[in-house]
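Structure file input-v2.pdb (PDB, C-alpha atoms) follows.
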```pdb
MODEL        1
ATOM      1  CA  GLY A 295      -8.820 -18.209  10.441
ATOM      2  CA  ARG A 296      -6.278 -16.120   8.541
ATOM      3  CA  ILE A 297      -6.830 -13.010  10.669
ATOM      4  CA  CYS A 298      -4.733 -13.778  13.719
ATOM      5  CA  LYS A 299      -1.391 -13.027  15.356
ATOM      6  CA  VAL A 300       1.112 -13.082  12.503
ATOM      7  CA  PRO A 301       4.725 -12.831  13.672
ATOM      8  CA  GLU A 302       7.521 -11.403  11.564
ATOM      9  CA  ALA A 303       9.855 -13.960  10.016
ATOM     10  CA  PRO A 304      13.267 -12.566  11.039
ATOM     11  CA  LEU A 305      15.189 -13.844   8.009
ATOM     12  CA  PHE A 306      12.769 -12.629   5.335
ATOM     13  CA  THR A 307      12.698  -9.216   3.707
ATOM     14  CA  ILE A 308       9.832  -6.947   4.674
ATOM     15  CA  ARG A 309       8.203  -5.266   1.694
ATOM     16  CA  ILE A 310       6.641  -1.878   2.374
ATOM     17  CA  ASN A 311       3.988  -1.440  -0.343
ATOM     18  CA  CYS A 312       2.897   2.175  -0.728
ATOM     19  CA  ASP A 313       0.118   4.182  -2.267
ATOM     20  CA  ILE A 314       1.345   7.740  -2.309
ATOM     21  CA  GLY A 315      -0.645  10.784  -1.338
ATOM     22  CA  GLY A 316       0.436  14.372  -0.978
ATOM     23  CA  THR A 317       1.006  17.031   1.606
ATOM     24  CA  GLY A 318      -1.725  19.330   2.852
ATOM     25  CA  LYS A 319      -5.030  18.620   4.553
ATOM     26  CA  ARG A 320      -6.876  18.003   1.253
ATOM     27  CA  ALA A 321      -4.327  15.526  -0.089
ATOM     28  CA  ASP A 322      -5.028  11.877  -0.792
ATOM     29  CA  ALA A 323      -3.996   9.432   1.921
ATOM     30  CA  PHE A 324      -0.485   8.007   1.917
ATOM     31  CA  THR A 325      -0.536   4.314   2.869
ATOM     32  CA  MET A 326       2.067   1.678   3.675
ATOM     33  CA  GLN A 327       1.526  -2.023   4.120
ATOM     34  CA  ALA A 328       4.317  -4.137   5.609
ATOM     35  CA  ASP A 329       4.314  -7.703   4.366
ATOM     36  CA  GLN A 330       6.536 -10.730   3.935
ATOM     37  CA  PHE A 331       6.457 -13.589   1.469
ATOM     38  CA  VAL A 332       7.107 -16.661   3.626
ATOM     39  CA  GLY A 333       7.092 -19.816   1.527
ATOM     40  CA  LYS A 334       3.755 -19.799  -0.287
ATOM     41  CA  ALA A 335       2.134 -17.580   2.334
ATOM     42  CA  ILE A 336       1.923 -13.804   2.338
ATOM     43  CA  HIS A 337       2.007 -12.287   5.818
ATOM     44  CA  VAL A 338       0.500  -8.801   6.098
ATOM     45  CA  LEU A 339       2.160  -7.533   9.254
ATOM     46  CA  ASN A 340       1.190  -3.905   9.637
ATOM     47  CA  TYR A 341      -0.651  -1.008   8.022
ATOM     48  CA  TYR A 342      -0.138   2.751   8.112
ATOM     49  CA  GLU A 343      -2.241   5.570   6.688
ATOM     50  CA  SER A 344      -1.903   9.323   7.013
ATOM     51  CA  VAL A 345      -3.143  12.409   5.196
ATOM     52  CA  GLY A 346      -1.092  15.465   4.339
ATOM     53  CA  GLN A 347       2.106  14.519   6.143
ATOM     54  CA  PRO A 348       5.643  14.996   4.777
ATOM     55  CA  ILE A 349       7.918  12.043   4.091
ATOM     56  CA  GLY A 350       9.654  12.509   7.455
ATOM     57  CA  HIS A 351       6.420  11.472   9.179
ATOM     58  CA  HIS A 352       6.279   8.258   7.130
ATOM     59  CA  LEU A 353       9.945   7.524   7.830
ATOM     60  CA  ASP A 354       9.342   8.016  11.559
ATOM     61  CA  TRP A 355       6.576   5.359  11.489
ATOM     62  CA  LEU A 356       8.930   2.949   9.709
ATOM     63  CA  ARG A 357      11.658   3.492  12.313
ATOM     64  CA  ARG A 358       9.276   3.236  15.300
ATOM     65  CA  ASN A 359       8.122  -0.149  14.019
ATOM     66  CA  GLY A 360      11.629  -1.494  13.373
ATOM     67  CA  TYR A 361      11.316  -1.359   9.591
ATOM     68  CA  THR A 362      14.906  -0.341   8.982
ATOM     69  CA  PRO A 363      16.706  -0.111   5.629
ATOM     70  CA  ALA A 364      18.598  -3.322   6.443
ATOM     71  CA  ARG A 365      15.328  -5.288   6.681
ATOM     72  CA  CYS A 366      13.033  -3.604   4.165
ATOM     73  CA  VAL A 367      12.480  -2.633   0.578
ATOM     74  CA  ILE A 368      10.061   0.173  -0.274
ATOM     75  CA  VAL A 369       7.701  -0.544  -3.198
ATOM     76  CA  LEU A 370       6.216   2.552  -4.822
ATOM     77  CA  PRO A 371       3.625   2.961  -7.565
ATOM     78  CA  HIS A 372       4.768   4.412 -10.888
ATOM     79  CA  ASP A 373       4.281   8.003  -9.723
ATOM     80  CA  GLY A 374       6.760   7.447  -6.878
ATOM     81  CA  ASP A 375       9.479   8.635  -9.292
ATOM     82  CA  THR A 376       7.634  11.883 -10.070
ATOM     83  CA  GLN A 377       9.570  14.859  -8.797
ATOM     84  CA  ASP A 378       7.951  17.729  -6.972
ATOM     85  CA  LYS A 379       8.038  20.805  -9.178
ATOM     86  CA  VAL A 380       9.122  23.079  -6.327
ATOM     87  CA  TYR A 381      11.605  20.989  -4.334
ATOM     88  CA  ASP A 382      12.961  18.675  -7.084
ATOM     89  CA  VAL A 383      12.488  15.525  -4.984
ATOM     90  CA  SER A 384      10.398  12.398  -5.354
ATOM     91  CA  TYR A 385       9.217   9.795  -2.866
ATOM     92  CA  ARG A 386      11.865   7.500  -4.365
ATOM     93  CA  SER A 387      14.667   9.997  -3.723
ATOM     94  CA  GLY A 388      13.373  10.691  -0.202
ATOM     95  CA  PHE A 389      13.309   7.012   0.792
ATOM     96  CA  GLU A 390      16.675   6.393  -0.880
ATOM     97  CA  ALA A 391      18.188   9.350   1.012
ATOM     98  CA  ALA A 392      17.046   7.606   4.216
ATOM     99  CA  GLY A 393      18.947   4.470   3.157
ATOM    100  CA  TYR A 394      16.117   2.290   1.822
ATOM    101  CA  ASP A 395      16.213   0.210  -1.339
ATOM    102  CA  VAL A 396      13.282   1.293  -3.502
ATOM    103  CA  GLU A 397      11.415  -0.473  -6.289
ATOM    104  CA  THR A 398       8.986   1.437  -8.479
ATOM    105  CA  VAL A 399       6.224  -0.483 -10.244
ATOM    106  CA  PRO A 400       6.048   0.749 -13.854
ATOM    107  CA  ASN A 401       2.836   2.284 -15.179
ATOM    108  CA  GLN A 402       0.824  -0.650 -16.499
ATOM    109  CA  GLY A 403      -1.581   1.389 -18.602
ATOM    110  CA  THR A 404      -5.316   1.330 -19.178
ATOM    111  CA  GLY A 405      -7.154  -1.439 -17.342
ATOM    112  CA  ALA A 406      -4.306  -2.061 -14.907
ATOM    113  CA  ALA A 407      -6.466  -1.389 -11.840
ATOM    114  CA  MET A 408      -8.861  -4.187 -12.723
ATOM    115  CA  MET A 409      -5.918  -6.539 -13.424
ATOM    116  CA  ARG A 410      -4.477  -5.725  -9.980
ATOM    117  CA  ILE A 411      -7.841  -6.459  -8.374
ATOM    118  CA  GLU A 412      -7.988  -9.848 -10.085
ATOM    119  CA  ALA A 413      -4.421 -10.618  -8.992
ATOM    120  CA  GLY A 414      -5.382  -9.737  -5.415
ATOM    121  CA  ARG A 415      -8.344 -12.098  -5.612
ATOM    122  CA  ARG A 416      -6.122 -14.931  -6.849
ATOM    123  CA  TRP A 417      -3.563 -14.357  -4.094
ATOM    124  CA  PHE A 418      -6.083 -13.769  -1.295
ATOM    125  CA  PRO A 419      -6.241 -17.430  -0.123
ATOM    126  CA  ARG A 420      -2.486 -17.246   0.608
ATOM    127  CA  ILE A 421      -2.716 -14.067   2.705
ATOM    128  CA  TRP A 422      -2.592 -13.955   6.503
ATOM    129  CA  PHE A 423      -3.403 -10.678   8.278
ATOM    130  CA  ASN A 424      -1.982  -9.650  11.638
ATOM    131  CA  GLU A 425      -5.198  -8.946  13.525
ATOM    132  CA  ALA A 426      -3.868  -6.256  15.868
ATOM    133  CA  THR A 427      -2.286  -3.976  13.243
ATOM    134  CA  THR A 428      -4.188  -4.385   9.956
ATOM    135  CA  GLY A 429      -7.796  -3.541  10.885
ATOM    136  CA  PRO A 430      -8.026  -0.319   8.831
ATOM    137  CA  LEU A 431      -6.574  -2.103   5.780
ATOM    138  CA  ARG A 432      -9.052  -4.962   6.091
ATOM    139  CA  GLU A 433     -11.878  -2.436   6.445
ATOM    140  CA  ALA A 434     -10.708  -0.630   3.290
ATOM    141  CA  LEU A 435     -10.484  -3.893   1.342
ATOM    142  CA  GLY A 436     -14.002  -4.798   2.433
ATOM    143  CA  TRP A 437     -15.406  -1.469   1.256
ATOM    144  CA  TYR A 438     -13.399  -1.139  -1.989
ATOM    145  CA  HIS A 439     -15.864  -1.151  -4.868
ATOM    146  CA  GLU A 440     -16.399  -0.310  -8.483
ATOM    147  CA  LYS A 441     -17.756   3.033  -9.592
ATOM    148  CA  LYS A 442     -20.956   2.491 -11.586
ATOM    149  CA  ASP A 443     -22.742   4.461 -14.260
ATOM    150  CA  GLU A 444     -26.268   3.571 -13.171
ATOM    151  CA  GLN A 445     -27.926   5.056 -16.271
ATOM    152  CA  ARG A 446     -25.893   2.915 -18.650
ATOM    153  CA  ASN A 447     -25.449  -0.011 -16.218
ATOM    154  CA  ILE A 448     -21.681  -0.233 -16.715
ATOM    155  CA  GLY A 449     -18.680  -0.353 -14.429
ATOM    156  CA  LEU A 450     -16.150   2.477 -14.565
ATOM    157  CA  GLY A 451     -13.301   0.908 -12.592
ATOM    158  CA  PRO A 452     -12.475   1.315  -8.910
ATOM    159  CA  ASP A 453     -14.223   4.166  -7.102
ATOM    160  CA  HIS A 454     -11.750   6.750  -5.806
ATOM    161  CA  ASP A 455     -12.827   7.143  -2.172
ATOM    162  CA  TRP A 456     -11.407   6.609   1.330
ATOM    163  CA  SER A 457     -10.969   2.877   0.724
ATOM    164  CA  SER A 458      -9.077   3.158  -2.543
ATOM    165  CA  HIS A 459      -5.730   4.240  -1.095
ATOM    166  CA  GLY A 460      -5.163   1.284   1.201
ATOM    167  CA  SER A 461      -6.671  -1.070  -1.356
ATOM    168  CA  ASP A 462      -4.472   0.265  -4.165
ATOM    169  CA  GLY A 463      -1.382  -0.216  -2.001
ATOM    170  CA  PHE A 464      -2.539  -3.760  -1.250
TER
ENDMDL
END
```
Will you turn the file into structure tokens for me?
Amino acid sequence: GRICKVPEAPLFTIRINCDIGGTGKRADAFTMQADQFVGKAIHVLNYYESVGQPIGHHLDWLRRNGYTPARCVIVLPHDGDTQDKVYDVSYRSGFEAAGYDVETVPNQGTGAAMMRIEAGRRWFPRIWFNEATTGPLREALGWYHEKKDEQRNIGLGPDHDWSSHGSDGF
């Protein structure tokens, strides 16, 4: 019952949670998830994923969907501050140049991925998904799984595959 029409709450900030990729056709996917914390509920409003596109493409999606700097804050993973060695820019500087406030989550060290998964599980009962615009994210979350060493019967953390980018941003 929590996958339905979820309207935006006009007076609440929209958080754009990102998992960054790169440019070029072999790059990892860049994902953005638009959500709002409304009381005790978390409303997942929209989801975006692209491969190999420059930041201008991501900014265009934000603008087309009304996610303007006045309404949104961009949340980047720790490597969002990393500057490109050729152009001396980072995702942070690119979003800030477009007028957005940007938060960067600090590197949380070894084991952080599993801690984030557990946090997601705890928060999941509070989450409402907009049915029309979050299908690919929900599909990624459903597929997200642990990489296993079958010979030693141990888990090696999240498997880095097509589902990991949207799930990591979540």
Problem set entry | Selection near Leu339 of chain A, 10 Å with all atoms listed in the file, sequence-local residues under 2 positions removed, as a PyMOL selection string | chain A and resi 299-302+308-310+327-330+336-337+341+422-428
For this session: Give as a list in words each residue that has an atom at most 7 Å from (3.0, 2.0, 1.4) in the file, counting all atoms listed in the file.
Result: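 Output of the proximity query reads Ile310, Asn311, Cys312, Asp313, Phe324, Thr325, Met326, Gln327 and Gly463 of chain A.
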Exercise. Atom CA of Thr398 of chain A to atom CA of Gly374 of chain A: how many Å, to one decimal?
Worked result: 6.6 Å
Exercise. Please, what distance in Å, to one decimal, runs between atom CA of Ala364 of chain A and atom CA of Pro304 of chain A?
Worked result: 11.6 Å
For this session: Mind checking which residues fall within 10 Å of segment 347-359 of chain A, counting all atoms listed in the file, ignoring those fewer than 5 positions away in the same chain, and posting them as a list in words?
Result: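 Those residues are Ile310, Gly315, Gly316, Thr317, Gly318, Lys319, Ala321, Ala323, Phe324, Thr325, Met326, Ala328, Asn340, Tyr342, Cys366, Ser384, Tyr385, Gly388, Phe389 and Ala392 of chain A.
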Problem set entry | Residue among A:Gly436, A:Pro371, A:Gly449, A:Gly393 lying closest to Asp462 of chain A, counting all atoms listed in the file |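 Using all atoms listed in the file, the shortest distance to Asp462 of chain A belongs to A:Pro371.
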Exercise. So how many Å separate atom CA of Lys442 of chain A and atom CA of Arg410 of chain A, to one decimal?
Worked result: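 We find that atom CA of Lys442 of chain A and atom CA of Arg410 of chain A lie 18.5 Å from each other.
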For this session: Considering only C-alpha atoms, return as an NGL selection string whatever protein or nucleic-acid residues lie within 10 Å of Trp417 of chain A, sequence-local ones (same chain, fewer than 6 positions apart) excluded.
Result: :A and (334-336 or 411)
Could you give me segment 297-312 of chain A completed to N, CA, C and O atoms, formatted as a short mmCIF file (atom, residue, chain, number, x, y, z; two decimals), in the frame of the given file?
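Below is the file that was written, selection.cif:
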```
data_model
loop_
_atom_site.label_atom_id
_atom_site.label_comp_id
_atom_site.auth_asym_id
_atom_site.auth_seq_id
_atom_site.Cartn_x
_atom_site.Cartn_y
_atom_site.Cartn_z
N ILE A 297 -6.98 -14.28 9.96
CA ILE A 297 -6.83 -13.01 10.67
C ILE A 297 -6.49 -13.39 12.10
O ILE A 297 -7.34 -13.86 12.86
N CYS A 298 -5.22 -13.26 12.44
CA CYS A 298 -4.73 -13.78 13.72
C CYS A 298 -3.43 -13.07 14.07
O CYS A 298 -3.07 -12.08 13.43
N LYS A 299 -2.71 -13.57 15.05
CA LYS A 299 -1.39 -13.03 15.36
C LYS A 299 -0.42 -13.58 14.32
O LYS A 299 -0.24 -14.79 14.22
N VAL A 300 0.17 -12.68 13.55
CA VAL A 300 1.11 -13.08 12.50
C VAL A 300 2.48 -12.50 12.86
O VAL A 300 2.69 -11.29 12.76
N PRO A 301 3.40 -13.35 13.29
CA PRO A 301 4.72 -12.83 13.67
C PRO A 301 5.59 -12.55 12.44
O PRO A 301 5.39 -13.13 11.38
N GLU A 302 6.54 -11.64 12.62
CA GLU A 302 7.52 -11.40 11.56
C GLU A 302 8.45 -12.60 11.46
O GLU A 302 8.82 -13.19 12.47
N ALA A 303 8.83 -12.94 10.24
CA ALA A 303 9.86 -13.96 10.02
C ALA A 303 11.20 -13.23 9.94
O ALA A 303 11.43 -12.46 9.01
N PRO A 304 12.08 -13.41 10.92
CA PRO A 304 13.27 -12.57 11.04
C PRO A 304 14.23 -12.64 9.86
O PRO A 304 14.98 -11.70 9.63
N LEU A 305 14.23 -13.70 9.10
CA LEU A 305 15.19 -13.84 8.01
C LEU A 305 14.63 -13.45 6.65
O LEU A 305 15.33 -13.54 5.64
N PHE A 306 13.39 -13.00 6.60
CA PHE A 306 12.77 -12.63 5.34
C PHE A 306 12.67 -11.11 5.21
O PHE A 306 12.42 -10.41 6.19
N THR A 307 12.83 -10.64 3.99
CA THR A 307 12.70 -9.22 3.71
C THR A 307 11.27 -8.76 3.96
O THR A 307 10.32 -9.48 3.66
N ILE A 308 11.15 -7.57 4.50
CA ILE A 308 9.83 -6.95 4.67
C ILE A 308 9.63 -5.98 3.51
O ILE A 308 10.48 -5.13 3.26
N ARG A 309 8.55 -6.15 2.80
CA ARG A 309 8.20 -5.27 1.69
C ARG A 309 7.21 -4.23 2.21
O ARG A 309 6.21 -4.58 2.83
N ILE A 310 7.52 -2.97 1.97
CA ILE A 310 6.64 -1.88 2.37
C ILE A 310 5.96 -1.37 1.10
O ILE A 310 6.56 -0.64 0.32
N ASN A 311 4.74 -1.81 0.86
CA ASN A 311 3.99 -1.44 -0.34
C ASN A 311 3.24 -0.14 -0.08
O ASN A 311 2.50 -0.03 0.90
N CYS A 312 3.44 0.84 -0.95
CA CYS A 312 2.90 2.17 -0.73
C CYS A 312 1.87 2.57 -1.78
O CYS A 312 1.95 2.16 -2.93
#
```
